[in-house]
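Shown below: upload-v7.csv, with CSV, N, CA and C atoms.
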```csv
chain,number,residue,atom,x,y,z
A,16,MET,N,10.1,-96.4,-47.6
A,16,MET,CA,11.4,-95.9,-47.5
A,16,MET,C,11.4,-94.8,-46.4
A,17,THR,N,12.4,-94.9,-45.5
A,17,THR,CA,12.4,-93.9,-44.5
A,17,THR,C,13.1,-92.7,-44.9
A,18,ILE,N,13.0,-91.6,-44.1
A,18,ILE,CA,13.6,-90.3,-44.5
A,18,ILE,C,15.1,-90.4,-44.5
A,19,GLN,N,15.7,-91.2,-43.6
A,19,GLN,CA,17.1,-91.4,-43.6
A,19,GLN,C,17.6,-92.1,-44.9
A,20,GLU,N,16.9,-93.1,-45.3
A,20,GLU,CA,17.3,-93.8,-46.5
A,20,GLU,C,17.2,-92.9,-47.7
A,21,TRP,N,16.1,-92.1,-47.7
A,21,TRP,CA,15.9,-91.1,-48.8
A,21,TRP,C,17.0,-90.1,-48.9
A,22,ASP,N,17.4,-89.6,-47.7
A,22,ASP,CA,18.5,-88.6,-47.6
A,22,ASP,C,19.8,-89.2,-48.1
A,23,ARG,N,20.1,-90.4,-47.7
A,23,ARG,CA,21.3,-91.1,-48.2
A,23,ARG,C,21.3,-91.2,-49.7
A,24,GLN,N,20.2,-91.5,-50.3
A,24,GLN,CA,20.1,-91.7,-51.7
A,24,GLN,C,20.3,-90.3,-52.4
A,25,LEU,N,19.7,-89.3,-51.9
A,25,LEU,CA,19.8,-88.0,-52.5
A,25,LEU,C,21.1,-87.3,-52.3
A,26,SER,N,21.9,-87.7,-51.3
A,26,SER,CA,23.2,-87.0,-51.1
A,26,SER,C,24.2,-87.1,-52.2
A,27,GLY,N,24.2,-88.2,-52.9
A,27,GLY,CA,25.1,-88.5,-54.0
A,27,GLY,C,24.6,-88.1,-55.4
A,28,MET,N,23.5,-87.5,-55.5
A,28,MET,CA,22.9,-87.2,-56.8
A,28,MET,C,23.3,-85.9,-57.3
A,29,THR,N,23.3,-85.8,-58.7
A,29,THR,CA,23.5,-84.6,-59.3
A,29,THR,C,22.2,-83.9,-59.4
A,30,PRO,N,22.1,-82.6,-59.7
A,30,PRO,CA,20.8,-81.9,-59.8
A,30,PRO,C,19.9,-82.5,-60.8
A,31,GLU,N,20.4,-83.0,-61.9
A,31,GLU,CA,19.6,-83.6,-62.9
A,31,GLU,C,19.0,-84.9,-62.4
A,32,GLU,N,19.8,-85.7,-61.7
A,32,GLU,CA,19.3,-87.0,-61.1
A,32,GLU,C,18.3,-86.7,-60.1
A,33,TYR,N,18.5,-85.6,-59.3
A,33,TYR,CA,17.6,-85.3,-58.2
A,33,TYR,C,16.2,-84.9,-58.8
A,34,ASP,N,16.2,-84.0,-59.9
A,34,ASP,CA,15.0,-83.6,-60.6
A,34,ASP,C,14.3,-84.8,-61.1
A,35,ARG,N,15.0,-85.8,-61.7
A,35,ARG,CA,14.4,-87.0,-62.3
A,35,ARG,C,13.8,-87.8,-61.2
A,36,ALA,N,14.5,-87.9,-60.0
A,36,ALA,CA,13.9,-88.7,-58.9
A,36,ALA,C,12.7,-88.0,-58.3
A,37,MET,N,12.7,-86.7,-58.3
A,37,MET,CA,11.5,-86.0,-57.7
A,37,MET,C,10.3,-86.2,-58.7
A,38,ARG,N,10.5,-86.1,-60.0
A,38,ARG,CA,9.5,-86.3,-61.0
A,38,ARG,C,8.9,-87.7,-60.9
A,39,ARG,N,9.8,-88.6,-60.8
A,39,ARG,CA,9.4,-90.0,-60.6
A,39,ARG,C,8.5,-90.2,-59.4
A,40,ARG,N,9.0,-89.6,-58.3
A,40,ARG,CA,8.2,-89.7,-57.0
A,40,ARG,C,6.8,-89.1,-57.1
A,41,ALA,N,6.8,-87.9,-57.8
A,41,ALA,CA,5.5,-87.2,-58.0
A,41,ALA,C,4.6,-88.1,-58.8
A,42,TRP,N,5.1,-88.7,-59.9
A,42,TRP,CA,4.2,-89.5,-60.7
A,42,TRP,C,3.8,-90.7,-60.0
A,43,ARG,N,4.6,-91.3,-59.2
A,43,ARG,CA,4.2,-92.5,-58.4
A,43,ARG,C,3.1,-92.1,-57.4
A,44,ARG,N,3.2,-90.9,-56.8
A,44,ARG,CA,2.1,-90.5,-55.9
A,44,ARG,C,0.8,-90.2,-56.7
A,45,ARG,N,0.9,-89.6,-57.9
A,45,ARG,CA,-0.3,-89.4,-58.7
A,45,ARG,C,-0.9,-90.7,-59.1
A,46,LEU,N,-0.1,-91.7,-59.5
A,46,LEU,CA,-0.7,-93.0,-59.8
A,46,LEU,C,-1.3,-93.7,-58.7
A,47,GLU,N,-0.7,-93.6,-57.5
A,47,GLU,CA,-1.3,-94.2,-56.3
A,47,GLU,C,-2.7,-93.5,-56.0
A,48,ALA,N,-2.7,-92.2,-56.1
A,48,ALA,CA,-4.0,-91.5,-55.9
A,48,ALA,C,-5.0,-91.9,-56.9
A,49,ALA,N,-4.6,-92.0,-58.2
A,49,ALA,CA,-5.6,-92.4,-59.2
A,49,ALA,C,-6.1,-93.8,-59.0
A,50,GLY,N,-5.2,-94.7,-58.5
A,50,GLY,CA,-5.6,-96.0,-58.2
A,50,GLY,C,-6.6,-96.1,-57.1
A,51,GLU,N,-6.4,-95.3,-56.0
A,51,GLU,CA,-7.3,-95.2,-54.9
A,51,GLU,C,-8.7,-94.7,-55.4
A,52,ILE,N,-8.7,-93.7,-56.2
A,52,ILE,CA,-9.9,-93.1,-56.8
A,52,ILE,C,-10.7,-94.2,-57.6
A,53,ALA,N,-9.9,-94.8,-58.5
A,53,ALA,CA,-10.5,-95.9,-59.3
A,53,ALA,C,-11.1,-97.0,-58.5
A,54,ALA,N,-10.4,-97.4,-57.4
A,54,ALA,CA,-10.9,-98.5,-56.5
A,54,ALA,C,-12.2,-98.0,-55.8
A,55,GLY,N,-12.2,-96.8,-55.4
A,55,GLY,CA,-13.4,-96.2,-54.8
A,55,GLY,C,-14.6,-96.2,-55.7
A,56,VAL,N,-14.4,-95.8,-56.9
A,56,VAL,CA,-15.5,-95.7,-57.9
A,56,VAL,C,-16.0,-97.2,-58.2
A,57,PHE,N,-15.0,-98.1,-58.3
A,57,PHE,CA,-15.4,-99.5,-58.6
A,57,PHE,C,-16.2,-100.1,-57.4
A,58,ALA,N,-15.8,-99.8,-56.2
A,58,ALA,CA,-16.5,-100.3,-55.0
A,58,ALA,C,-17.9,-99.7,-55.0
A,59,LEU,N,-18.0,-98.4,-55.3
A,59,LEU,CA,-19.4,-97.8,-55.3
A,59,LEU,C,-20.2,-98.4,-56.4
A,60,ALA,N,-19.7,-98.6,-57.6
A,60,ALA,CA,-20.4,-99.3,-58.7
A,60,ALA,C,-20.9,-100.7,-58.3
A,61,LEU,N,-20.0,-101.4,-57.6
A,61,LEU,CA,-20.4,-102.8,-57.1
A,61,LEU,C,-21.6,-102.7,-56.1
A,62,LEU,N,-21.5,-101.7,-55.2
A,62,LEU,CA,-22.5,-101.5,-54.2
A,62,LEU,C,-23.9,-101.2,-54.9
A,63,ALA,N,-23.8,-100.3,-55.9
A,63,ALA,CA,-25.0,-99.9,-56.6
A,63,ALA,C,-25.6,-101.1,-57.4
A,64,LEU,N,-24.7,-101.9,-58.0
A,64,LEU,CA,-25.2,-103.1,-58.7
A,64,LEU,C,-25.8,-104.1,-57.7
A,65,ALA,N,-25.2,-104.3,-56.6
A,65,ALA,CA,-25.8,-105.2,-55.6
A,65,ALA,C,-27.2,-104.7,-55.1
A,66,ALA,N,-27.3,-103.4,-54.9
A,66,ALA,CA,-28.6,-102.9,-54.5
A,66,ALA,C,-29.6,-103.1,-55.6
A,67,TRP,N,-29.3,-102.8,-56.8
A,67,TRP,CA,-30.2,-102.9,-57.9
A,67,TRP,C,-30.6,-104.4,-58.1
A,68,LEU,N,-29.6,-105.3,-58.0
A,68,LEU,CA,-30.0,-106.7,-58.1
A,68,LEU,C,-30.9,-107.2,-57.0
A,69,PHE,N,-30.7,-106.7,-55.8
A,69,PHE,CA,-31.6,-107.0,-54.7
A,69,PHE,C,-33.0,-106.5,-55.0
A,70,LEU,N,-33.1,-105.3,-55.5
A,70,LEU,CA,-34.5,-104.8,-55.8
A,70,LEU,C,-35.1,-105.6,-56.9
A,71,VAL,N,-34.4,-106.0,-57.9
A,71,VAL,CA,-34.9,-106.8,-59.0
A,71,VAL,C,-35.3,-108.2,-58.6
A,72,ALA,N,-34.5,-108.8,-57.7
A,72,ALA,CA,-34.7,-110.2,-57.3
A,72,ALA,C,-35.9,-110.3,-56.3
A,73,THR,N,-36.2,-109.3,-55.5
A,73,THR,CA,-37.2,-109.4,-54.5
A,73,THR,C,-38.6,-109.1,-55.1
A,74,ALA,N,-39.6,-109.8,-54.6
A,74,ALA,CA,-41.0,-109.5,-55.1
A,74,ALA,C,-41.5,-108.2,-54.6
A,75,ASP,N,-42.5,-107.7,-55.3
A,75,ASP,CA,-43.1,-106.5,-54.8
A,75,ASP,C,-43.8,-106.8,-53.4
A,76,GLN,N,-43.7,-105.9,-52.5
A,76,GLN,CA,-44.3,-106.1,-51.2
A,76,GLN,C,-45.6,-105.2,-51.1
A,77,CYS,N,-46.7,-105.9,-51.2
A,77,CYS,CA,-48.0,-105.2,-51.0
A,77,CYS,C,-48.6,-105.5,-49.7
A,78,SER,N,-49.4,-104.6,-49.2
A,78,SER,CA,-50.1,-104.8,-47.9
A,78,SER,C,-51.2,-105.8,-48.1
A,79,ALA,N,-51.8,-106.3,-47.0
A,79,ALA,CA,-52.9,-107.3,-47.1
A,79,ALA,C,-54.1,-106.6,-47.7
A,80,GLU,N,-54.3,-105.4,-47.4
A,80,GLU,CA,-55.5,-104.7,-48.0
A,80,GLU,C,-55.3,-104.6,-49.5
A,81,CYS,N,-54.1,-104.3,-50.0
A,81,CYS,CA,-53.9,-104.3,-51.4
A,81,CYS,C,-54.1,-105.6,-52.1
A,82,GLU,N,-53.6,-106.7,-51.4
A,82,GLU,CA,-53.8,-108.0,-52.0
A,82,GLU,C,-55.3,-108.4,-52.0
A,83,ALA,N,-56.0,-108.0,-51.0
A,83,ALA,CA,-57.5,-108.3,-50.9
A,83,ALA,C,-58.2,-107.6,-52.1
A,84,LEU,N,-57.9,-106.3,-52.3
A,84,LEU,CA,-58.5,-105.6,-53.3
A,84,LEU,C,-58.1,-106.1,-54.7
A,85,ARG,N,-56.9,-106.5,-54.9
A,85,ARG,CA,-56.5,-107.1,-56.1
A,85,ARG,C,-57.2,-108.4,-56.4
A,86,ALA,N,-57.4,-109.3,-55.4
A,86,ALA,CA,-58.2,-110.5,-55.5
A,86,ALA,C,-59.6,-110.2,-55.9
A,87,GLU,N,-60.2,-109.2,-55.2
A,87,GLU,CA,-61.6,-108.8,-55.5
A,87,GLU,C,-61.8,-108.3,-56.9
A,88,LEU,N,-60.8,-107.5,-57.4
A,88,LEU,CA,-60.9,-107.0,-58.8
A,88,LEU,C,-60.7,-108.1,-59.8
A,89,GLU,N,-59.8,-109.0,-59.5
A,89,GLU,CA,-59.6,-110.2,-60.4
A,89,GLU,C,-60.9,-111.0,-60.5
A,90,ALA,N,-61.5,-111.2,-59.4
A,90,ALA,CA,-62.8,-112.0,-59.3
A,90,ALA,C,-63.9,-111.3,-60.1
A,91,GLN,N,-64.0,-110.0,-60.0
A,91,GLN,CA,-65.0,-109.3,-60.8
A,91,GLN,C,-64.7,-109.3,-62.3
A,92,CYS,N,-63.5,-109.3,-62.7
A,92,CYS,CA,-63.1,-109.3,-64.1
A,92,CYS,C,-63.4,-110.6,-64.8
A,93,LYS,N,-63.4,-111.7,-64.0
A,93,LYS,CA,-63.6,-113.0,-64.7
A,93,LYS,C,-65.0,-113.3,-64.9
```
Before anything else, please render the file you have as structure tokens.
Amino acid sequence: MTIQEWDRQLSGMTPEEYDRAMRRRAWRRRLEAAGEIAAGVFALALLALAAWLFLVATADQCSAECEALRAELEAQCK
């Protein structure tokens, strides 16, 4: 809604109607802000979930020396 349209709407209002319109507008802005915050939290949670799933799904990455030591220890234990 443009400023001119808003002025045209407000020009014919009584003070009570104006107060009601302003309260309604303030609530709408609060709800929009709350929706944006909720969407941001949801997006952050999805990103954290994706990172956690990536870490769970990938195998442990050991160096070649670690793998050689592991194989040597397994051979000694058998």
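Rounded to one decimal, CA of Leu70 (chain A) and CA of Leu88 (chain A) lie 26.7 Å from each other.
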* Using DSSP on the backbone coordinates, identify the residues of chain A assigned to helix (DSSP H, G or I); present them as a ChimeraX atom specification. => /A:18-26,30-72,79-92
* Atomic separation - CA of Gly27 (chain A) relative to CA of Leu46 (chain A), Å -> 26.8 Å
